[in-house]
Amino acid sequence: MAELDLEALHREMAAWRRDLHAHPEFGFEEKRTAAFVAQKLREFGLEVAEGVGRTGVVGTLTRGSGNRAIALRADMDALRIAEQGTQAWRSQTPGTMHACGHDGHTSMLLGAAKLLAGEGGFDGTVRFIFQPAEEWGRGALAMLDDGLLERFPFEEIFGLHNMPGLPIGHFETRSGPVMSAEDNFEIVLKGLGGHAARPHAGQETLVAACAVVVNLQTIVSRRLSPADIGVVSVTELVTDGTRNALPGLARILGDCRSFRPEVSAAIEQEMRRIAEGTAQAYNVAAEVTYTREFVPLINDAALVDEALAAARTVLADDAVGVAAEPMTASEDFARFLTHVPGCFVFMGNGPTAPLHNPAYDFNDDGLLHGARFHAAVVRRRLAVG
Ligand SMILES: [Zn+2]
Ligand SMILES: [Zn+2]
């Protein structure tokens, strides 16, 4: 098969990326984006399934007679953030923008599909998975619940995320835990509100809530092993009090991160004990709701080696490295890894604004590296002969 003009592909991916950037869509609302993706995949000659997990798209490309299948995954959703950029392709949807670079991820996976459909160079089946609703950790589960693994089977999966601050052309990943689980909690304290001048006559909840917030700080510092990574962050404290009335109700909300289910379970157990014990000491009642939103992202050691080796075929040798630390942010790709082994990598996005910042804009200089990395992984894992 003829080799594609890579510079032309780069320009084409940049045009797709800017079009997607101008038309961002929130999780499970990616109708235009999904239609855009499906149309391109059909143009390249792939088999396409739409509406997988509500707005997800799966493209399938087979070459040769190999019976192995691997998956590549990108995310399509945007965030409810008002863009501050002034570029011509800035968001045309008020209050919504691609502040996490999923427009870039989608364009690079489309570029890889065009590259692999045009040039081949592999033996087997590639599933191109475009998932919805990554940002709220529901899209992967929606696709899995819609029979992703049964309808489009694959043995392993690869994905990537852009990383502001890491130079363009640099890739990084690590074996084992890469990104954390995210748990959310809500502690509701219930007492009896009353006159601000007569606290002894009621069961006000604000002082109790403050004590709960302080006591929660001991979970990480005094309950978890120093060898474990955990984060407990209280992010909101809301009461129904007013200037001269003590609150009968207080809500404490927050977010926890961890890398092992045992740590997540320990945080929940300690939180319940502290909330209930402190509430009792302050003569109010406590109700704790603890939910698990994202599972930890655990890379397969052998496939990390494979992904890094593939990256070295398209990037400078010293531009591919192993990250020193796991990251306490969360990523919905982790959900796929609870079913099949795989590897998630970070690719340099250069000196852009941070992710989820209103001035962020994916750096188009990295597009070709991402597309060629995807293709290199396929050619290594589904090698000819
Ligand atoms: Zn994000
Ligand atoms: Zn993201």
# chains A, B, ... in the order shown; residues from 1 in each chain; ligands from 1
>>> select_by_dssp(residues="segment 37-277 of chain A", states="strand (DSSP E or B)", output="PyMOL selection string")
chain A and resi 47-52+56-63+69-75+78-79+97+124-131+156-163+171-173+176-179+181-190+192+194-195+203+230-239+242+245-246+249-258
>>> residues_near_ligand(ligand="ligand 1", cutoff="9 Å", atoms="only C-alpha atoms and all ligand atoms", output="list in words")
Asp77, Ala78, Leu79, His98, Ala99, Cys100, Gly101, His102, Glu134, Glu135, Trp136, Ser330, Glu331, Leu355 and His356 of chain A
>>> write_last_selection(atoms="C-alpha atoms", output="PDB file, in the first residue's frame")
ATOM      1  CA  ASP A  77     -16.374  14.993  25.713  1.00  0.00           C
ATOM      2  CA  ALA A  78     -15.826  18.612  26.724  1.00  0.00           C
ATOM      3  CA  LEU A  79     -16.235  20.446  30.042  1.00  0.00           C
ATOM      4  CA  HIS A  98     -12.500  21.415  25.235  1.00  0.00           C
ATOM      5  CA  ALA A  99     -10.340  22.241  28.254  1.00  0.00           C
ATOM      6  CA  CYS A 100      -8.864  18.747  28.563  1.00  0.00           C
ATOM      7  CA  GLY A 101      -7.727  18.204  24.968  1.00  0.00           C
ATOM      8  CA  HIS A 102     -10.215  15.471  24.094  1.00  0.00           C
ATOM      9  CA  GLU A 134     -14.880  10.563  30.275  1.00  0.00           C
ATOM     10  CA  GLU A 135     -14.965  13.593  32.556  1.00  0.00           C
ATOM     11  CA  TRP A 136     -17.626  12.242  34.835  1.00  0.00           C
ATOM     12  CA  SER A 330      -8.452  10.060  37.728  1.00  0.00           C
ATOM     13  CA  GLU A 331      -9.175   8.754  34.219  1.00  0.00           C
ATOM     14  CA  LEU A 355      -5.768  21.033  31.851  1.00  0.00           C
ATOM     15  CA  HIS A 356      -9.268  22.292  32.816  1.00  0.00           C
TER      16      HIS A 356
END
>>> residues_around(residues="His369 of chain A", least_positions_apart="4", cutoff="12 Å", atoms="only C-alpha atoms", output="PyMOL selection string")
chain A and resi 6-7+9-10+13+104-105+107-109+111-112+160+162+167-171+310-316+319-320+346-349+363-365+373-376
>>> atom_distance(atom1="atom CA of Ala266 of chain A", atom2="atom CA of Asp183 of chain A")
12.1 Å
>>> closest_residue(among="A:Asp255, A:Asp332, A:Glu50, A:Glu25", to="ligand 2", atoms="only C-alpha atoms and all ligand atoms")
A:Asp332
>>> atom_distance(atom1="atom CA of Gly366 of chain A", atom2="atom CA of Phe128 of chain A")
19.6 Å
>>> residues_around(residues="Pro24 of chain A", least_positions_apart="4", cutoff="7 Å", atoms="only C-alpha atoms", output="PDB file with N, CA and C atoms, in the first residue's frame")
ATOM      1  N   LEU A  20     -13.558  20.445  15.912  1.00  0.00           N
ATOM      2  CA  LEU A  20     -14.106  19.845  17.144  1.00  0.00           C
ATOM      3  C   LEU A  20     -13.999  20.835  18.306  1.00  0.00           C
ATOM      4  N   ALA A  78     -16.365  17.326  26.280  1.00  0.00           N
ATOM      5  CA  ALA A  78     -15.826  18.612  26.724  1.00  0.00           C
ATOM      6  C   ALA A  78     -16.315  18.906  28.147  1.00  0.00           C
ATOM      7  N   SER A  91     -14.387  28.053  21.318  1.00  0.00           N
ATOM      8  CA  SER A  91     -15.702  27.437  21.471  1.00  0.00           C
ATOM      9  C   SER A  91     -16.829  28.361  21.016  1.00  0.00           C
ATOM     10  N   THR A  93     -19.876  27.419  21.744  1.00  0.00           N
ATOM     11  CA  THR A  93     -20.945  27.066  22.678  1.00  0.00           C
ATOM     12  C   THR A  93     -20.640  27.717  24.028  1.00  0.00           C
ATOM     13  N   THR A  96     -19.161  25.989  27.522  1.00  0.00           N
ATOM     14  CA  THR A  96     -18.628  24.650  27.286  1.00  0.00           C
ATOM     15  C   THR A  96     -17.365  24.766  26.439  1.00  0.00           C
ATOM     16  N   MET A  97     -16.330  24.009  26.812  1.00  0.00           N
ATOM     17  CA  MET A  97     -15.100  24.059  26.013  1.00  0.00           C
ATOM     18  C   MET A  97     -14.309  22.760  26.139  1.00  0.00           C
ATOM     19  N   HIS A  98     -13.447  22.528  25.161  1.00  0.00           N
ATOM     20  CA  HIS A  98     -12.500  21.415  25.235  1.00  0.00           C
ATOM     21  C   HIS A  98     -11.293  21.883  26.051  1.00  0.00           C
TER      22      HIS A  98
END
